[in-house]
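A.B. asks: Quick one: this structure, given as structure tokens, is what I'll be asking you about.
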Amino acid sequence: MGFSTNPFSFFLFSLIFFTNLELIPLVESASDYTALVYKGCAKQAFSDPTGVYSQALSALFGSLVSQSTKARFFKTTSGSGQTTISGLFQCRGDLSNADCYNCVGKLPQMADSLCGKAIAARVQLYGCYVLYEVSGFTQVSGMELLYKTCGTTNVAGSGFEERRDAALQVLETGVVSGHGFYTTNYEAVYLLAQCEGDLGDSDCGDCVKSAVQRAQVECGSSISGQVYLHKCFISYSYYPNGVPRRSSSSSSSSSSSLSSSGNTGKTVAIILGGAAGVGFLVICLLFARSLMKKHDDL
């Protein structure tokens, strides 16, 4: 059964085809840079009968979220006197502005649901974190261990630990020259390190060195590890068959989640776009042919 050569039929077909094409969503795989890594909540809650603390905290979060559209690190205060609340956010250095905003935008609600009215809290996602403290809260050391996780697979032997240690040494040097953020592949090991945005290069190097030492001792021969100190964090993952090619920052989520889904989505869009263009050209040619045939028949 063939298509009718009626011009109106071709016009109707093309209208339906392109309308449906516009409605086909080319969805990329959801990245996990907004997934929760850990939370830290002070045991003490603030008493807030007048709502003044809640207002200050809300204003603080509003300022942090608005700044995340144009910066990957921002520190500020809100309120006054005893109700002063200081806070900051930081996004991973390889996130785009849009991804940073999307990540930070989830933190206020998460902090509220996870920590309630705690006088201090830190919520760490794979791609960003937020920290706030009510005035007078006791400061902790920048080298204090907040969280660590080690891969469940062990790869003892075969020179793995030597290869990992060499890679981590590259990371220590790279994060200083990168002024607080560094990511690379070295000998089948994918590495990432980041320091708090206002930390100087020397202090950053010391912090990352401390995190590396903890990872070596506490993760041993684990295939991967993440160590979060108060002022920096590191991550490494070993890929025996080679580190997968990373996609753009918008679809690469964490240091241990590597994907090419973003490129796949773009390829699909190009293919569909090209197919649509060819289809439209064929429709135009057939439409012109039909008009010519109708003219010859007159």
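FYI, nothing fancy with the structure tokens labels: chains A, B, ... in order, residues from 1 per chain, ligands from 1 as they appear.
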Sort by chain and increasing residue number a table of all residues of region 27-113 of chain A within 9 Å of region 123-130 of chain A, each with its closest pair of atoms and their distance in Å to one decimal, counting only C-alpha atoms, and write it as a Markdown table.
C.D. replies:
| residue | atom | partner | partner_atom | distance |
| --- | --- | --- | --- | --- |
| A:Asp32 | CA | A:Tyr126 | CA | 7.1 |
| A:Tyr33 | CA | A:Gly127 | CA | 4.4 |
| A:Thr34 | CA | A:Leu125 | CA | 5.5 |
| A:Ala35 | CA | A:Leu125 | CA | 5.4 |
| A:Leu36 | CA | A:Leu125 | CA | 4.4 |
| A:Val37 | CA | A:Leu125 | CA | 5.1 |
| A:Tyr38 | CA | A:Gln124 | CA | 5.4 |
| A:Lys39 | CA | A:Val123 | CA | 4.5 |
| A:Gly40 | CA | A:Val123 | CA | 6.4 |
| A:Cys41 | CA | A:Val123 | CA | 8.4 |
| A:Leu64 | CA | A:Val130 | CA | 8.7 |
| A:Arg72 | CA | A:Cys128 | CA | 8.7 |
| A:Gly87 | CA | A:Val130 | CA | 7.3 |
| A:Leu88 | CA | A:Val130 | CA | 5.8 |
| A:Phe89 | CA | A:Val130 | CA | 4.4 |
| A:Gln90 | CA | A:Cys128 | CA | 5.5 |
| A:Cys91 | CA | A:Cys128 | CA | 4.1 |
| A:Arg92 | CA | A:Gly127 | CA | 5.2 |
| A:Gly93 | CA | A:Gly127 | CA | 8.7 |
| A:Asp94 | CA | A:Gly127 | CA | 8.9 |
| A:Leu95 | CA | A:Gly127 | CA | 7.3 |
| A:Asp99 | CA | A:Gly127 | CA | 8.4 |
| A:Cys100 | CA | A:Cys128 | CA | 7.2 |
| A:Cys103 | CA | A:Cys128 | CA | 6.3 |
| A:Val104 | CA | A:Cys128 | CA | 6.5 |
| A:Leu107 | CA | A:Val130 | CA | 6.7 |
| A:Pro108 | CA | A:Val130 | CA | 8.3 |
| A:Met110 | CA | A:Val123 | CA | 7.6 |
| A:Ala111 | CA | A:Val123 | CA | 6.3 |
A.B. asks: Can you list, as a VMD selection string, every residue of region 74-248 of chain A that DSSP puts in helix (DSSP H, G or I)?
C.D. replies: chain A and resid 81 to 83 97 to 104 107 to 115 160 to 177 201 to 219
A.B. asks: Using only C-alpha atoms, which residues sit within 10 Å of region 151-166 of chain A once same-chain residues fewer than 3 positions away are excluded, as a list of chain:residue names?
C.D. replies: A:Gln169, A:Val170, A:Leu171, A:Tyr186, A:Glu187, A:Ala188, A:Val189, A:Tyr190, A:Leu191, A:Val212, A:Gln213, A:Ala215, A:Gln216, A:Cys219, A:Gly220, A:Ser221, A:Ser222, A:Ile223, A:Ser224, A:Gly225, A:Gln226, A:Tyr236, A:Ser237, A:Tyr238, A:Pro240
A.B. asks: Okay, now the selection with N, CA, C and O atoms, as an mmCIF file, in the first residue's frame?
C.D. replies:
data_model
loop_
_atom_site.group_PDB
_atom_site.id
_atom_site.type_symbol
_atom_site.label_atom_id
_atom_site.label_comp_id
_atom_site.auth_asym_id
_atom_site.auth_seq_id
_atom_site.Cartn_x
_atom_site.Cartn_y
_atom_site.Cartn_z
ATOM 1 N N GLN A 169 50.396 10.507 44.469
ATOM 2 C CA GLN A 169 51.455 11.503 44.551
ATOM 3 C C GLN A 169 51.286 12.551 43.460
ATOM 4 O O GLN A 169 51.503 13.750 43.682
ATOM 5 N N VAL A 170 50.868 12.106 42.287
ATOM 6 C CA VAL A 170 50.557 13.045 41.200
ATOM 7 C C VAL A 170 49.408 13.959 41.620
ATOM 8 O O VAL A 170 49.412 15.162 41.339
ATOM 9 N N LEU A 171 48.441 13.388 42.324
ATOM 10 C CA LEU A 171 47.291 14.163 42.782
ATOM 11 C C LEU A 171 47.713 15.251 43.769
ATOM 12 O O LEU A 171 47.236 16.394 43.697
ATOM 13 N N TYR A 186 45.758 8.440 35.730
ATOM 14 C CA TYR A 186 47.176 8.074 35.809
ATOM 15 C C TYR A 186 47.281 6.578 36.043
ATOM 16 O O TYR A 186 46.777 6.066 37.052
ATOM 17 N N GLU A 187 47.897 5.892 35.095
ATOM 18 C CA GLU A 187 48.123 4.452 35.242
ATOM 19 C C GLU A 187 46.827 3.704 35.602
ATOM 20 O O GLU A 187 46.779 2.937 36.565
ATOM 21 N N ALA A 188 45.763 3.974 34.832
ATOM 22 C CA ALA A 188 44.461 3.318 35.015
ATOM 23 C C ALA A 188 43.767 3.698 36.323
ATOM 24 O O ALA A 188 42.839 3.028 36.764
ATOM 25 N N VAL A 189 44.221 4.788 36.947
ATOM 26 C CA VAL A 189 43.572 5.288 38.162
ATOM 27 C C VAL A 189 42.982 6.664 37.862
ATOM 28 O O VAL A 189 43.679 7.557 37.376
ATOM 29 N N TYR A 190 41.681 6.810 38.133
ATOM 30 C CA TYR A 190 41.031 8.116 37.985
ATOM 31 C C TYR A 190 41.059 8.812 39.347
ATOM 32 O O TYR A 190 40.675 8.232 40.362
ATOM 33 N N LEU A 191 41.525 10.064 39.355
ATOM 34 C CA LEU A 191 41.738 10.777 40.612
ATOM 35 C C LEU A 191 41.069 12.140 40.587
ATOM 36 O O LEU A 191 40.962 12.788 39.544
ATOM 37 N N VAL A 212 45.302 11.803 51.581
ATOM 38 C CA VAL A 212 45.947 10.704 50.866
ATOM 39 C C VAL A 212 46.486 9.672 51.853
ATOM 40 O O VAL A 212 46.308 8.452 51.665
ATOM 41 N N GLN A 213 47.125 10.116 52.909
ATOM 42 C CA GLN A 213 47.677 9.199 53.905
ATOM 43 C C GLN A 213 46.576 8.377 54.563
ATOM 44 O O GLN A 213 46.732 7.172 54.801
ATOM 45 N N ALA A 215 43.698 7.620 53.170
ATOM 46 C CA ALA A 215 43.198 6.684 52.162
ATOM 47 C C ALA A 215 44.116 5.478 52.035
ATOM 48 O O ALA A 215 43.655 4.332 51.944
ATOM 49 N N GLN A 216 45.411 5.703 52.050
ATOM 50 C CA GLN A 216 46.369 4.603 51.926
ATOM 51 C C GLN A 216 46.259 3.629 53.099
ATOM 52 O O GLN A 216 46.312 2.420 52.920
ATOM 53 N N CYS A 219 41.999 2.464 53.435
ATOM 54 C CA CYS A 219 41.389 1.737 52.320
ATOM 55 C C CYS A 219 42.264 0.591 51.833
ATOM 56 O O CYS A 219 41.781 -0.288 51.111
ATOM 57 N N GLY A 220 43.561 0.609 52.204
ATOM 58 C CA GLY A 220 44.427 -0.513 51.865
ATOM 59 C C GLY A 220 44.410 -0.849 50.386
ATOM 60 O O GLY A 220 44.701 -0.016 49.543
ATOM 61 N N SER A 221 44.019 -2.093 50.055
ATOM 62 C CA SER A 221 44.024 -2.540 48.662
ATOM 63 C C SER A 221 42.653 -2.416 48.002
ATOM 64 O O SER A 221 42.395 -3.056 46.980
ATOM 65 N N SER A 222 41.769 -1.590 48.560
ATOM 66 C CA SER A 222 40.449 -1.382 47.957
ATOM 67 C C SER A 222 40.597 -0.739 46.585
ATOM 68 O O SER A 222 41.459 0.117 46.371
ATOM 69 N N ILE A 223 39.742 -1.123 45.684
ATOM 70 C CA ILE A 223 39.819 -0.648 44.306
ATOM 71 C C ILE A 223 39.480 0.839 44.179
ATOM 72 O O ILE A 223 39.809 1.489 43.192
ATOM 73 N N SER A 224 38.843 1.403 45.211
ATOM 74 C CA SER A 224 38.485 2.819 45.178
ATOM 75 C C SER A 224 38.397 3.358 46.599
ATOM 76 O O SER A 224 38.276 2.596 47.555
ATOM 77 N N GLY A 225 38.439 4.668 46.715
ATOM 78 C CA GLY A 225 38.320 5.285 48.026
ATOM 79 C C GLY A 225 37.952 6.750 47.924
ATOM 80 O O GLY A 225 38.298 7.424 46.949
ATOM 81 N N GLN A 226 37.226 7.229 48.914
ATOM 82 C CA GLN A 226 36.895 8.647 49.030
ATOM 83 C C GLN A 226 37.136 9.057 50.481
ATOM 84 O O GLN A 226 36.667 8.380 51.395
ATOM 85 N N TYR A 236 39.632 8.344 44.502
ATOM 86 C CA TYR A 236 40.361 7.610 43.468
ATOM 87 C C TYR A 236 39.594 6.342 43.122
ATOM 88 O O TYR A 236 38.896 5.767 43.958
ATOM 89 N N SER A 237 39.704 5.918 41.878
ATOM 90 C CA SER A 237 39.083 4.676 41.412
ATOM 91 C C SER A 237 40.029 4.014 40.424
ATOM 92 O O SER A 237 40.526 4.669 39.493
ATOM 93 N N TYR A 238 40.278 2.729 40.623
ATOM 94 C CA TYR A 238 41.172 1.972 39.746
ATOM 95 C C TYR A 238 40.356 1.177 38.740
ATOM 96 O O TYR A 238 39.396 0.488 39.094
ATOM 97 N N PRO A 240 41.097 -1.610 36.008
ATOM 98 C CA PRO A 240 42.098 -2.527 35.440
ATOM 99 C C PRO A 240 42.133 -2.523 33.915
ATOM 100 O O PRO A 240 43.194 -2.732 33.320
#
A.B. asks: Might you pull out every residue within 12 Å of Ala59 (chain A), with only C-alpha atoms counted and same-chain residues fewer than 6 positions away left off, and present them as a VMD selection string?
C.D. replies: chain A and resid 52 to 53 65 to 66 76 to 79 84 to 87 108
A.B. asks: Could those selected residues go to a file with N, CA, C and O atoms, as a PDB file, in the first residue's frame?
C.D. replies:
ATOM      1  N   VAL A  52      13.354  34.000  64.416  1.00  0.00           N
ATOM      2  CA  VAL A  52      14.451  34.834  63.922  1.00  0.00           C
ATOM      3  C   VAL A  52      15.582  33.992  63.336  1.00  0.00           C
ATOM      4  O   VAL A  52      16.192  34.370  62.321  1.00  0.00           O
ATOM      5  N   TYR A  53      15.869  32.849  63.935  1.00  0.00           N
ATOM      6  CA  TYR A  53      16.910  31.979  63.389  1.00  0.00           C
ATOM      7  C   TYR A  53      16.481  31.399  62.038  1.00  0.00           C
ATOM      8  O   TYR A  53      17.285  31.335  61.097  1.00  0.00           O
ATOM      9  N   VAL A  65      22.152  30.034  47.131  1.00  0.00           N
ATOM     10  CA  VAL A  65      21.590  29.477  45.887  1.00  0.00           C
ATOM     11  C   VAL A  65      21.707  30.475  44.744  1.00  0.00           C
ATOM     12  O   VAL A  65      22.077  30.112  43.618  1.00  0.00           O
ATOM     13  N   SER A  66      21.424  31.748  45.005  1.00  0.00           N
ATOM     14  CA  SER A  66      21.492  32.752  43.936  1.00  0.00           C
ATOM     15  C   SER A  66      22.923  32.916  43.422  1.00  0.00           C
ATOM     16  O   SER A  66      23.143  33.113  42.225  1.00  0.00           O
ATOM     17  N   THR A  76      29.252  33.562  53.088  1.00  0.00           N
ATOM     18  CA  THR A  76      28.577  34.778  53.530  1.00  0.00           C
ATOM     19  C   THR A  76      27.992  34.576  54.924  1.00  0.00           C
ATOM     20  O   THR A  76      28.102  33.495  55.508  1.00  0.00           O
ATOM     21  N   THR A  77      27.369  35.628  55.452  1.00  0.00           N
ATOM     22  CA  THR A  77      26.691  35.560  56.750  1.00  0.00           C
ATOM     23  C   THR A  77      25.298  36.148  56.622  1.00  0.00           C
ATOM     24  O   THR A  77      25.004  36.905  55.683  1.00  0.00           O
ATOM     25  N   SER A  78      24.462  35.817  57.583  1.00  0.00           N
ATOM     26  CA  SER A  78      23.101  36.341  57.618  1.00  0.00           C
ATOM     27  C   SER A  78      22.702  36.556  59.073  1.00  0.00           C
ATOM     28  O   SER A  78      23.197  35.875  59.971  1.00  0.00           O
ATOM     29  N   GLY A  79      21.812  37.501  59.314  1.00  0.00           N
ATOM     30  CA  GLY A  79      21.381  37.806  60.674  1.00  0.00           C
ATOM     31  C   GLY A  79      22.349  38.763  61.349  1.00  0.00           C
ATOM     32  O   GLY A  79      23.258  39.317  60.724  1.00  0.00           O
ATOM     33  N   THR A  84      23.497  35.595  64.243  1.00  0.00           N
ATOM     34  CA  THR A  84      24.299  35.551  63.020  1.00  0.00           C
ATOM     35  C   THR A  84      24.588  34.100  62.632  1.00  0.00           C
ATOM     36  O   THR A  84      24.980  33.287  63.460  1.00  0.00           O
ATOM     37  N   ILE A  85      24.376  33.803  61.369  1.00  0.00           N
ATOM     38  CA  ILE A  85      24.666  32.468  60.836  1.00  0.00           C
ATOM     39  C   ILE A  85      25.623  32.631  59.662  1.00  0.00           C
ATOM     40  O   ILE A  85      25.337  33.389  58.733  1.00  0.00           O
ATOM     41  N   SER A  86      26.745  31.962  59.732  1.00  0.00           N
ATOM     42  CA  SER A  86      27.689  31.977  58.615  1.00  0.00           C
ATOM     43  C   SER A  86      27.521  30.692  57.815  1.00  0.00           C
ATOM     44  O   SER A  86      27.161  29.644  58.360  1.00  0.00           O
ATOM     45  N   GLY A  87      27.776  30.791  56.535  1.00  0.00           N
ATOM     46  CA  GLY A  87      27.606  29.606  55.702  1.00  0.00           C
ATOM     47  C   GLY A  87      28.345  29.727  54.392  1.00  0.00           C
ATOM     48  O   GLY A  87      28.799  30.808  53.999  1.00  0.00           O
ATOM     49  N   PRO A 108      19.204  23.378  50.485  1.00  0.00           N
ATOM     50  CA  PRO A 108      18.419  23.911  51.604  1.00  0.00           C
ATOM     51  C   PRO A 108      17.349  22.945  52.123  1.00  0.00           C
ATOM     52  O   PRO A 108      17.229  22.725  53.329  1.00  0.00           O
TER      53      PRO A 108
END
A.B. asks: My list of candidates is A:Thr184, A:Glu172, A:Val217, A:Gln67. Which is closest to Asp201 (chain A) when distances are computed with only C-alpha atoms?
C.D. replies: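 Result for the nearest residue to Asp201 (chain A): A:Glu172.
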A.B. asks: When you draw a straight line from CA of Cys195 (chain A) to CA of Ala45 (chain A), how long is it in Å?
C.D. replies: 28.4 Å
A.B. asks: Just checking: using only C-alpha atoms, which residue out of A:Tyr239, A:Leu57, A:Thr69, A:Arg214 ends up closest to Cys150 (chain A)?
C.D. replies: A:Arg214
A.B. asks: Quick one: everything within 12 Å of Ser141 (chain A), counting only C-alpha atoms, minus sequence neighbours fewer than 4 positions away in the same chain. Send it as JSON, numbers by chain.
C.D. replies: {"A": [145, 146, 207, 229, 230, 231, 232]}
A.B. asks: Rounded to one decimal, what separation in Å do you get between CA of Leu60 (chain A) and CA of Asn97 (chain A)?
C.D. replies: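 Interatomic distance here is 19.6 Å.
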A.B. asks: Can you list, as an MDAnalysis selection string, every residue of region 136-171 of chain A that DSSP puts in strand (DSSP E or B)?
C.D. replies: chainID A and resid 145:150 154
